[in-house]
file coords_31.csv (CSV, C-alpha atoms)
chain,number,residue,atom,x,y,z
A,1,MET,CA,10.4,-90.4,-16.3
A,2,HIS,CA,9.2,-86.9,-17.0
A,3,GLU,CA,11.3,-85.2,-14.5
A,4,LEU,CA,12.6,-82.6,-17.0
A,5,ALA,CA,9.0,-81.5,-17.9
A,6,MET,CA,8.0,-81.3,-14.2
A,7,THR,CA,11.2,-79.5,-13.3
A,8,THR,CA,10.6,-77.0,-16.1
A,9,GLN,CA,7.2,-76.2,-14.6
A,10,LEU,CA,8.7,-76.0,-11.2
A,11,VAL,CA,11.4,-73.5,-12.3
A,12,GLU,CA,8.9,-71.4,-14.2
A,13,SER,CA,6.6,-71.2,-11.2
A,14,VAL,CA,9.4,-70.2,-8.8
A,15,LEU,CA,10.7,-67.6,-11.2
A,16,GLU,CA,7.3,-66.1,-11.5
A,17,GLU,CA,7.0,-65.9,-7.7
A,18,ALA,CA,10.5,-64.4,-7.5
A,19,LYS,CA,9.5,-61.7,-10.1
A,20,LYS,CA,6.4,-60.8,-8.1
A,21,HIS,CA,8.5,-60.2,-5.0
A,22,ASP,CA,11.1,-58.4,-6.9
A,23,ALA,CA,13.8,-60.8,-5.8
A,24,LYS,CA,17.3,-60.6,-7.1
A,25,LYS,CA,18.1,-64.2,-6.3
A,26,VAL,CA,16.4,-67.4,-5.3
A,27,ALA,CA,18.3,-69.1,-2.5
A,28,GLU,CA,16.2,-72.2,-1.7
A,29,VAL,CA,13.3,-74.1,-3.0
A,30,HIS,CA,11.5,-76.8,-0.9
A,31,LEU,CA,9.6,-79.5,-2.8
A,32,THR,CA,7.6,-82.4,-1.6
A,33,ILE,CA,7.4,-85.4,-3.9
A,34,GLY,CA,4.9,-88.2,-3.3
A,35,LYS,CA,6.2,-91.7,-3.2
A,36,LEU,CA,3.3,-92.9,-5.5
A,37,THR,CA,4.5,-90.6,-8.3
A,38,PHE,CA,7.0,-91.6,-11.0
A,39,LEU,CA,9.2,-88.7,-10.1
A,40,GLY,CA,12.8,-89.5,-9.1
A,41,ALA,CA,14.5,-87.0,-6.7
A,42,GLU,CA,17.9,-87.5,-8.3
A,43,GLN,CA,16.7,-86.8,-11.8
A,44,MET,CA,14.8,-83.8,-10.7
A,45,ARG,CA,17.9,-82.4,-9.0
A,46,PHE,CA,19.9,-83.0,-12.2
A,47,SER,CA,17.3,-81.2,-14.4
A,48,TYR,CA,17.0,-78.4,-11.8
A,49,LYS,CA,20.7,-77.7,-12.0
A,50,ILE,CA,20.6,-77.5,-15.8
A,51,LEU,CA,17.4,-75.5,-16.1
A,52,THR,CA,18.4,-72.9,-13.5
A,53,GLU,CA,21.8,-72.3,-15.0
A,54,ASP,CA,21.0,-68.9,-16.7
A,55,THR,CA,18.5,-67.7,-14.2
A,56,ILE,CA,18.5,-66.0,-10.8
A,57,MET,CA,17.9,-69.5,-9.4
A,58,LYS,CA,21.5,-70.6,-10.4
A,59,ASP,CA,23.2,-72.3,-7.5
A,60,SER,CA,20.0,-72.3,-5.4
A,61,LYS,CA,19.4,-75.3,-3.1
A,62,LEU,CA,16.6,-77.7,-4.0
A,63,VAL,CA,15.4,-79.4,-0.8
A,64,ILE,CA,13.3,-82.5,-1.6
A,65,LYS,CA,11.1,-84.2,1.0
A,66,GLU,CA,9.5,-87.5,0.1
A,67,GLN,CA,5.9,-88.1,1.1
A,68,ASP,CA,4.6,-91.6,1.9
A,69,GLY,CA,1.5,-92.9,0.2
A,70,VAL,CA,-1.7,-92.8,2.3
A,71,ILE,CA,-4.9,-94.5,1.4
A,72,GLU,CA,-8.5,-94.1,2.6
A,73,CYS,CA,-11.1,-96.8,2.3
A,74,PRO,CA,-14.6,-95.6,1.3
A,75,SER,CA,-16.2,-98.8,2.6
A,76,CYS,CA,-14.9,-98.9,6.2
A,77,GLY,CA,-13.2,-95.5,6.7
A,78,TYR,CA,-9.7,-96.9,7.3
A,79,LYS,CA,-7.0,-94.4,6.7
A,80,GLY,CA,-3.3,-95.2,6.7
A,81,LYS,CA,-0.1,-96.0,4.8
A,82,VAL,CA,-0.3,-97.9,1.5
A,83,PRO,CA,-0.1,-101.6,2.5
A,84,ILE,CA,2.6,-103.7,1.0
A,85,GLU,CA,1.6,-107.1,-0.3
A,86,ASP,CA,4.5,-109.5,0.6
A,87,ASP,CA,3.5,-112.6,-1.3
A,88,PRO,CA,6.6,-114.8,-1.6
A,89,ALA,CA,5.3,-115.9,-5.1
A,90,TYR,CA,5.9,-112.3,-6.3
A,91,HIS,CA,9.6,-112.1,-5.4
A,92,VAL,CA,9.1,-108.5,-4.6
A,93,PRO,CA,6.8,-106.8,-2.1
A,94,ILE,CA,4.2,-104.8,-4.0
A,95,PRO,CA,2.1,-101.8,-2.9
A,96,THR,CA,-1.6,-102.4,-3.0
A,97,LEU,CA,-4.8,-100.4,-2.7
A,98,ARG,CA,-6.5,-103.3,-0.9
A,99,CYS,CA,-7.8,-102.0,2.4
A,100,PRO,CA,-6.0,-103.9,5.2
A,101,ASN,CA,-9.1,-103.7,7.4
A,102,CYS,CA,-12.0,-104.8,5.1
A,103,GLY,CA,-10.3,-105.9,1.8
A,104,GLU,CA,-12.2,-103.4,-0.4
A,105,ALA,CA,-10.5,-101.1,-2.9
A,106,ALA,CA,-9.2,-98.0,-1.1
A,107,LYS,CA,-8.4,-94.6,-2.7
A,108,ILE,CA,-5.1,-92.8,-2.7
A,109,VAL,CA,-5.2,-89.6,-0.6
A,110,GLU,CA,-1.5,-88.8,-0.3
A,111,GLY,CA,1.6,-89.7,-2.2
A,112,LYS,CA,0.7,-88.3,-5.6
A,113,GLU,CA,2.0,-84.8,-5.0
A,114,CYS,CA,4.8,-82.7,-6.4
A,115,THR,CA,4.4,-79.6,-4.3
A,116,ILE,CA,6.4,-76.4,-3.8
A,117,THR,CA,6.1,-75.7,0.0
A,118,SER,CA,8.4,-72.8,0.4
A,119,ILE,CA,10.8,-70.6,-1.5
A,120,ARG,CA,13.6,-68.5,0.0
A,121,LEU,CA,14.3,-65.3,-1.9
A,122,LEU,CA,17.0,-62.7,-1.6
A,123,LYS,CA,16.2,-59.1,-2.3
A,124,GLN,CA,19.8,-58.3,-3.1
A,125,GLN,CA,22.5,-60.3,-4.7
A,126,GLU,CA,24.8,-62.0,-2.2
A,127,CYS,CA,28.0,-60.2,-2.9
A,128,ASN,CA,31.3,-60.4,-1.2
A,129,ASN,CA,32.9,-57.7,-3.2
A,130,ASP,CA,33.5,-54.3,-1.7
A,131,CYS,CA,33.0,-52.3,-4.8
A,132,LYS,CA,29.5,-51.0,-3.8
A,133,ARG,CA,28.5,-51.0,-7.4
A,134,CYS,CA,26.3,-54.0,-7.7
A,135,CYS,CA,24.4,-53.7,-4.4
B,1,MET,CA,0.2,-69.8,-6.6
B,2,ALA,CA,-1.6,-70.8,-3.4
B,3,ASP,CA,-1.6,-68.4,-0.4
B,4,SER,CA,1.8,-67.7,0.9
B,5,LYS,CA,3.0,-66.2,4.1
B,6,GLU,CA,6.0,-63.9,3.9
B,7,ILE,CA,8.7,-64.1,6.5
B,8,VAL,CA,11.0,-61.1,6.0
B,9,LYS,CA,14.5,-61.2,7.5
B,10,GLY,CA,16.5,-58.2,6.3
B,11,GLU,CA,16.9,-58.6,2.6
B,12,GLU,CA,15.7,-62.1,2.7
B,13,VAL,CA,12.1,-63.2,2.1
B,14,THR,CA,10.9,-66.7,2.8
B,15,LEU,CA,7.6,-67.6,1.2
B,16,GLU,CA,5.8,-70.3,3.1
B,17,ILE,CA,3.3,-71.6,0.7
B,18,ALA,CA,0.2,-73.2,2.3
B,19,PRO,CA,-1.2,-75.6,1.3
B,20,GLY,CA,1.6,-75.6,-1.2
B,21,MET,CA,1.5,-75.4,-5.0
B,22,ASP,CA,1.2,-78.8,-6.5
B,23,ILE,CA,2.5,-79.0,-10.1
B,24,LEU,CA,0.8,-82.3,-10.8
B,25,GLU,CA,-2.5,-80.9,-9.3
B,26,VAL,CA,-2.7,-78.4,-12.2
B,27,ASN,CA,-3.2,-81.3,-14.6
B,28,ARG,CA,-5.6,-83.1,-12.2
B,29,GLN,CA,-7.8,-80.0,-12.0
B,30,LEU,CA,-7.8,-79.6,-15.7
B,31,ALA,CA,-8.7,-83.3,-16.1
B,32,GLN,CA,-11.7,-82.8,-13.8
B,33,LYS,CA,-12.8,-79.9,-16.0
B,34,ASN,CA,-12.5,-82.1,-19.1
B,35,LEU,CA,-14.6,-84.8,-17.4
B,36,GLN,CA,-17.4,-82.3,-16.5
B,37,HIS,CA,-17.3,-80.7,-20.0
B,38,LEU,CA,-17.7,-84.2,-21.6
B,39,ARG,CA,-20.4,-85.2,-19.2
B,40,GLU,CA,-22.4,-82.0,-20.0
B,41,HIS,CA,-22.4,-83.2,-23.6
B,42,ASN,CA,-23.3,-86.8,-22.7
B,43,VAL,CA,-19.9,-88.0,-24.0
B,44,LYS,CA,-18.3,-91.0,-22.3
B,45,ALA,CA,-14.5,-90.9,-22.6
B,46,ILE,CA,-12.1,-93.8,-22.3
B,47,ASP,CA,-8.3,-93.5,-21.9
B,48,ILE,CA,-6.2,-96.5,-23.2
B,49,MET,CA,-2.7,-96.8,-21.9
B,50,GLY,CA,-0.1,-99.5,-22.6
B,51,SER,CA,3.4,-100.0,-24.0
B,52,ILE,CA,4.3,-99.8,-27.7
B,53,GLY,CA,3.2,-102.9,-29.4
B,54,ALA,CA,0.8,-104.1,-26.6
B,55,GLY,CA,-2.1,-103.9,-29.1
B,56,LYS,CA,-3.8,-100.6,-28.2
B,57,THR,CA,-4.6,-99.6,-31.7
B,58,SER,CA,-5.8,-103.1,-32.7
B,59,LEU,CA,-8.1,-103.2,-29.6
B,60,ILE,CA,-9.5,-99.8,-30.6
B,61,GLU,CA,-10.2,-101.0,-34.1
B,62,GLN,CA,-12.1,-103.9,-32.6
B,63,LEU,CA,-14.0,-101.7,-30.1
B,64,VAL,CA,-14.9,-99.3,-32.9
B,65,GLN,CA,-16.1,-102.1,-35.1
B,66,ALA,CA,-18.2,-103.6,-32.3
B,67,LEU,CA,-19.7,-100.4,-31.0
B,68,LYS,CA,-20.1,-98.1,-34.0
B,69,GLN,CA,-23.8,-99.0,-34.5
B,70,LYS,CA,-24.5,-98.2,-30.9
B,71,TYR,CA,-22.4,-95.1,-30.4
B,72,ARG,CA,-21.2,-92.2,-32.5
B,73,ILE,CA,-17.5,-92.5,-31.9
B,74,ALA,CA,-14.5,-90.2,-32.1
B,75,VAL,CA,-10.9,-91.4,-31.4
B,76,PHE,CA,-7.9,-89.3,-30.3
B,77,LYS,CA,-4.6,-90.8,-31.0
B,78,GLY,CA,-1.6,-89.8,-29.1
B,79,ASP,CA,1.4,-90.4,-31.4
B,80,LEU,CA,4.9,-89.0,-31.3
B,81,THR,CA,5.4,-88.5,-35.0
B,82,THR,CA,3.2,-90.6,-37.4
B,83,THR,CA,-0.4,-90.8,-38.4
B,84,ILE,CA,-0.2,-94.6,-39.3
B,85,ASP,CA,-2.5,-95.6,-36.5
B,86,ALA,CA,-5.0,-92.8,-37.2
B,87,GLU,CA,-5.3,-94.1,-40.8
B,88,ARG,CA,-5.9,-97.6,-39.5
B,89,ILE,CA,-8.7,-96.5,-37.2
B,90,GLY,CA,-10.1,-94.1,-39.7
B,91,ARG,CA,-10.8,-96.9,-42.1
B,92,HIS,CA,-13.6,-98.0,-39.8
B,93,GLY,CA,-15.5,-94.8,-40.6
B,94,VAL,CA,-15.1,-92.9,-37.4
B,95,LYS,CA,-13.6,-89.5,-36.7
B,96,VAL,CA,-9.9,-89.7,-35.7
B,97,LEU,CA,-7.8,-86.9,-34.5
B,98,THR,CA,-4.1,-87.4,-34.1
B,99,ILE,CA,-2.4,-85.6,-31.3
B,100,ASN,CA,1.2,-85.6,-32.3
B,101,THR,CA,3.1,-85.0,-29.1
B,102,GLY,CA,6.4,-84.5,-30.9
B,103,MET,CA,8.6,-85.4,-28.0
B,104,GLU,CA,6.3,-85.8,-25.0
B,105,CYS,CA,6.0,-89.2,-23.5
B,106,HIS,CA,2.3,-88.9,-22.5
B,107,LEU,CA,-0.9,-87.0,-23.2
B,108,ASP,CA,-2.0,-84.6,-20.5
B,109,ALA,CA,-5.3,-83.0,-19.7
B,110,ASN,CA,-4.3,-79.8,-21.5
B,111,VAL,CA,-3.6,-81.3,-24.9
B,112,VAL,CA,-6.9,-83.3,-24.6
B,113,SER,CA,-8.9,-80.2,-23.8
B,114,LYS,CA,-7.4,-78.5,-26.9
B,115,ALA,CA,-8.3,-81.5,-29.0
B,116,VAL,CA,-11.8,-81.5,-27.6
B,117,GLU,CA,-12.2,-78.0,-28.8
B,118,ARG,CA,-11.5,-79.2,-32.4
B,119,ILE,CA,-14.3,-81.7,-32.5
B,120,SER,CA,-18.1,-81.2,-32.2
B,121,LEU,CA,-19.2,-82.9,-29.0
B,122,GLN,CA,-22.8,-82.8,-30.2
B,123,ASP,CA,-21.9,-85.3,-32.9
B,124,ILE,CA,-20.5,-88.0,-30.7
B,125,ASP,CA,-21.3,-90.1,-27.6
B,126,LEU,CA,-18.1,-92.0,-27.1
B,127,LEU,CA,-14.6,-90.7,-27.2
B,128,ILE,CA,-11.7,-93.2,-27.1
B,129,ILE,CA,-8.3,-91.8,-26.4
B,130,GLU,CA,-5.3,-93.8,-27.2
B,131,ASN,CA,-2.4,-92.6,-25.0
B,132,VAL,CA,1.2,-92.5,-26.1
B,133,GLY,CA,2.8,-96.0,-26.1
B,134,ASN,CA,4.4,-95.9,-22.6
B,135,LEU,CA,3.4,-97.6,-19.4
B,136,ILE,CA,4.8,-95.2,-17.0
B,137,CYS,CA,4.3,-91.5,-17.6
B,138,PRO,CA,0.6,-91.6,-18.7
B,139,ALA,CA,-0.3,-93.0,-15.3
B,140,GLU,CA,0.7,-89.7,-13.7
B,141,PHE,CA,-1.6,-87.6,-15.9
B,142,PRO,CA,-5.3,-88.3,-15.8
B,143,LEU,CA,-7.0,-86.9,-18.8
B,144,GLY,CA,-10.6,-86.6,-17.6
B,145,THR,CA,-12.0,-89.8,-18.8
B,146,GLU,CA,-14.7,-92.0,-17.2
B,147,LYS,CA,-12.5,-95.1,-17.4
B,148,ARG,CA,-8.8,-95.8,-17.8
B,149,VAL,CA,-7.7,-99.0,-19.4
B,150,VAL,CA,-4.3,-100.5,-19.2
B,151,VAL,CA,-3.3,-102.9,-21.9
B,152,VAL,CA,-0.6,-105.5,-21.4
B,153,SER,CA,0.3,-108.3,-23.8
B,154,VAL,CA,1.7,-111.7,-22.9
B,155,THR,CA,4.7,-111.1,-25.1
B,156,GLU,CA,5.9,-108.4,-22.7
B,157,GLY,CA,6.8,-111.0,-20.1
B,158,PRO,CA,5.4,-112.1,-16.7
B,159,TYR,CA,6.4,-109.0,-14.7
B,160,MET,CA,4.4,-106.2,-16.4
B,161,VAL,CA,2.1,-105.8,-13.5
B,162,LEU,CA,4.6,-106.2,-10.7
B,163,LYS,CA,7.0,-103.7,-12.3
B,164,HIS,CA,4.4,-101.0,-12.7
B,165,PRO,CA,2.2,-101.1,-9.6
B,166,PHE,CA,1.4,-97.4,-9.6
B,167,THR,CA,0.2,-97.6,-13.2
B,168,PHE,CA,-2.2,-100.4,-12.3
B,169,MET,CA,-3.5,-98.4,-9.3
B,170,THR,CA,-4.7,-95.7,-11.7
B,171,ALA,CA,-6.5,-98.0,-14.0
B,172,ASP,CA,-10.1,-99.3,-13.9
B,173,VAL,CA,-9.8,-102.0,-16.5
B,174,MET,CA,-6.9,-104.2,-17.5
B,175,VAL,CA,-6.7,-106.0,-20.8
B,176,ILE,CA,-4.4,-108.9,-21.2
B,177,ASN,CA,-3.9,-109.1,-25.0
B,178,LYS,CA,-2.4,-111.7,-27.4
B,179,LYS,CA,-4.0,-114.5,-25.4
B,180,ASP,CA,-3.3,-116.9,-28.3
B,181,LEU,CA,0.5,-116.5,-27.6
B,182,ALA,CA,0.2,-117.1,-23.8
B,183,GLU,CA,1.1,-120.7,-24.0
B,184,ILE,CA,4.0,-120.2,-26.3
B,185,MET,CA,5.3,-117.4,-24.0
B,186,LYS,CA,4.6,-119.6,-21.0
B,187,ILE,CA,2.5,-116.8,-19.4
B,188,ASP,CA,-0.3,-117.6,-17.0
B,189,THR,CA,-2.9,-114.9,-17.7
B,190,GLU,CA,-4.8,-115.8,-14.5
B,191,GLN,CA,-1.7,-115.0,-12.6
B,192,LEU,CA,-1.3,-111.6,-14.3
B,193,ALA,CA,-5.0,-110.9,-13.5
B,194,LYS,CA,-4.5,-111.9,-9.9
B,195,GLN,CA,-1.5,-109.6,-9.6
B,196,ALA,CA,-3.5,-106.7,-10.9
B,197,LYS,CA,-6.3,-107.4,-8.5
B,198,ASP,CA,-3.9,-107.7,-5.6
B,199,ILE,CA,-2.8,-104.1,-6.4
B,200,LYS,CA,-6.3,-102.9,-7.3
B,201,PRO,CA,-9.1,-105.1,-5.8
B,202,ASN,CA,-11.8,-103.6,-8.0
B,203,MET,CA,-9.9,-104.0,-11.3
B,204,LYS,CA,-11.9,-105.5,-14.1
B,205,VAL,CA,-10.0,-107.8,-16.4
B,206,ALA,CA,-10.5,-108.8,-20.0
B,207,VAL,CA,-8.3,-111.4,-21.8
B,208,THR,CA,-8.3,-110.7,-25.5
B,209,ASN,CA,-6.9,-111.4,-28.9
B,210,ALA,CA,-7.2,-108.1,-30.6
B,211,LEU,CA,-6.5,-109.5,-34.1
B,212,THR,CA,-9.4,-111.9,-34.0
B,213,GLY,CA,-11.7,-109.9,-31.7
B,214,GLU,CA,-11.8,-112.6,-29.1
B,215,GLY,CA,-12.6,-111.2,-25.7
B,216,ILE,CA,-13.8,-107.9,-27.0
B,217,GLN,CA,-17.3,-108.4,-25.6
B,218,GLU,CA,-15.7,-109.1,-22.2
B,219,LEU,CA,-13.9,-105.7,-22.5
B,220,ILE,CA,-17.1,-103.9,-23.6
B,221,LYS,CA,-18.8,-105.3,-20.5
B,222,ALA,CA,-15.9,-104.2,-18.3
B,223,LEU,CA,-16.1,-100.7,-19.7
B,224,GLU,CA,-19.9,-100.7,-19.1
B,225,LEU,CA,-20.6,-99.7,-22.7

call {"tool": "encode", "arguments": {"input": "coords_31.csv", "output": "structure tokens"}}
result
Amino acid sequence: MHELAMTTQLVESVLEEAKKHDAKKVAEVHLTIGKLTFLGAEQMRFSYKILTEDTIMKDSKLVIKEQDGVIECPSCGYKGKVPIEDDPAYHVPIPTLRCPNCGEAAKIVEGKECTITSIRLLKQQECNNDCKRCC
Amino acid sequence: MADSKEIVKGEEVTLEIAPGMDILEVNRQLAQKNLQHLREHNVKAIDIMGSIGAGKTSLIEQLVQALKQKYRIAVFKGDLTTTIDAERIGRHGVKVLTINTGMECHLDANVVSKAVERISLQDIDLLIIENVGNLICPAEFPLGTEKRVVVVSVTEGPYMVLKHPFTFMTADVMVINKKDLAEIMKIDTEQLAKQAKDIKPNMKVAVTNALTGEGIQELIKALEL
């Protein structure tokens, strides 16, 4: 829903890193998105393309990895994937924070992230011209 | 940014960032700061989320009316463009600060911290924050409140909970509002409550009619106020 705002922040952070490293071009950005967020990979890619247009990130590759939700139960210590409640009365399977081991309310420990894990920077423009002027 | 390891290969540098820079984490950390700051001043804060028209403002009016003898209250109102709601709440004699988000679909910890700077925390004990009318985005952005409330109304149909499970995971209290219309709308409020508890077993539920004040005491109890 707020992919544009999140992608704006992503692009700003990457550009800042690129500047620190004196990069001429950003080639690749790796991002992990938790499955318990409301961030859609497709909309982030779309926003990314528009937001990077006039920057050194133009045409860079955005690699998105999705992270499953993981819960931990403070009562019994269970740690594992977010269980799915498949009650036929609901028509759809729904994720739940109910601990599958003891039934108490568990806490989300993974699946809420939107994390930049790596950035590939180029110190020189990739250039196929033989003019020797730009690089 | 977090620590990064540089892998240099000719003119190419790869920054491996460990443990990674989480864009959402920035907000979560700021929310934690807000919570601490408010606690230091003995201020309890409540965040109220829900769709447009669910009855958030009417509920706040009822809460303010019922609690203003017991607490010194301030209300933050997230609103895109107007101050209509702020005027409604202000009539009950409490401080109201409108946070006009302009185009944002949710409040975040940063705008709340800025708003907190504009009020005197010594003069209040309870801060009620009405989030922007939207059931999705606010869930992603904790503000630093003691409790999060999600308001649904029976006129929104029977699938409000099932369609927004992640929102309900982040809430502590659920309000099912407009209970007087449940029968007309053929909505089983107990079923809605069960669905919320299936997603979040420790969810507290209050069934209300925010126009008459019915169920407000139930909500106050759920909020431990």

call {"tool": "closest_residue", "arguments": {"input": "coords_31.csv", "among": "A:Ile116, A:Ile94, A:Val70, A:Cys99", "to": "A:Leu10", "atoms": "all atoms listed in the file"}}
result
A:Ile116

call {"tool": "closest_atom_pairs", "arguments": {"input": "coords_31.csv", "of": "chain A", "to": "chain B", "cutoff": "9 Å", "atoms": "all atoms listed in the file", "output": "CSV"}}
result
residue,atom,partner,partner_atom,distance
A:Met1,CA,B:Cys137,CA,6.3
A:His2,CA,B:Cys137,CA,6.7
A:Ala5,CA,B:Glu104,CA,8.7
A:Met6,CA,B:Ile23,CA,7.2
A:Gln9,CA,B:Ile23,CA,7.1
A:Leu10,CA,B:Ile23,CA,7.0
A:Ser13,CA,B:Met1,CA,8.0
A:Glu17,CA,B:Met1,CA,7.9
A:His21,CA,B:Val13,CA,8.5
A:Ala23,CA,B:Val13,CA,8.4
A:Glu28,CA,B:Thr14,CA,8.9
A:Thr32,CA,B:Asp22,CA,8.8
A:Leu36,CA,B:Phe166,CA,6.4
A:Thr37,CA,B:Glu140,CA,6.7
A:Phe38,CA,B:Glu140,CA,7.1
A:Glu85,CA,B:Asp198,CA,7.7
A:Tyr90,CA,B:Leu162,CA,7.6
A:Val92,CA,B:Leu162,CA,7.9
A:Pro93,CA,B:Leu162,CA,8.9
A:Ile94,CA,B:Leu162,CA,6.9
A:Pro95,CA,B:Ile199,CA,6.4
A:Thr96,CA,B:Ile199,CA,4.0
A:Leu97,CA,B:Lys200,CA,5.4
A:Arg98,CA,B:Pro201,CA,5.8
A:Cys99,CA,B:Pro201,CA,8.9
A:Gly103,CA,B:Pro201,CA,7.7
A:Glu104,CA,B:Pro201,CA,6.5
A:Ala105,CA,B:Pro201,CA,5.1
A:Ala106,CA,B:Lys200,CA,8.4
A:Ile108,CA,B:Met169,CA,8.8
A:Lys112,CA,B:Leu24,CA,7.9
A:Glu113,CA,B:Asp22,CA,6.2
A:Cys114,CA,B:Asp22,CA,5.3
A:Thr115,CA,B:Asp22,CA,4.0
A:Ile116,CA,B:Met21,CA,5.1
A:Thr117,CA,B:Gly20,CA,4.7
A:Ser118,CA,B:Glu16,CA,4.5
A:Ile119,CA,B:Leu15,CA,5.2
A:Arg120,CA,B:Thr14,CA,4.3
A:Leu121,CA,B:Val13,CA,5.0
A:Leu122,CA,B:Glu12,CA,4.5
A:Lys123,CA,B:Glu11,CA,5.0
A:Gln124,CA,B:Glu11,CA,6.4

call {"tool": "closest_residue", "arguments": {"input": "coords_31.csv", "among": "B:Leu192, B:Ala206, B:Val132, B:Met185", "to": "B:Ile52", "atoms": "only C-alpha atoms"}}
result
B:Val132

call {"tool": "atom_distance", "arguments": {"input": "coords_31.csv", "atom1": "atom CA of B:Gln69", "atom2": "atom CA of B:Thr98"}}
result
22.9 Å

call {"tool": "atom_distance", "arguments": {"input": "coords_31.csv", "atom1": "atom CA of B:Met49", "atom2": "atom CA of B:Lys186"}}
result
24.0 Å

call {"tool": "atom_distance", "arguments": {"input": "coords_31.csv", "atom1": "atom CA of A:Leu31", "atom2": "atom CA of B:Lys33"}}
result
26.0 Å

call {"tool": "closest_residue", "arguments": {"input": "coords_31.csv", "among": "B:Met160, B:Leu127, B:Leu30, B:Val205", "to": "B:Arg72", "atoms": "only C-alpha atoms"}}
result
B:Leu127
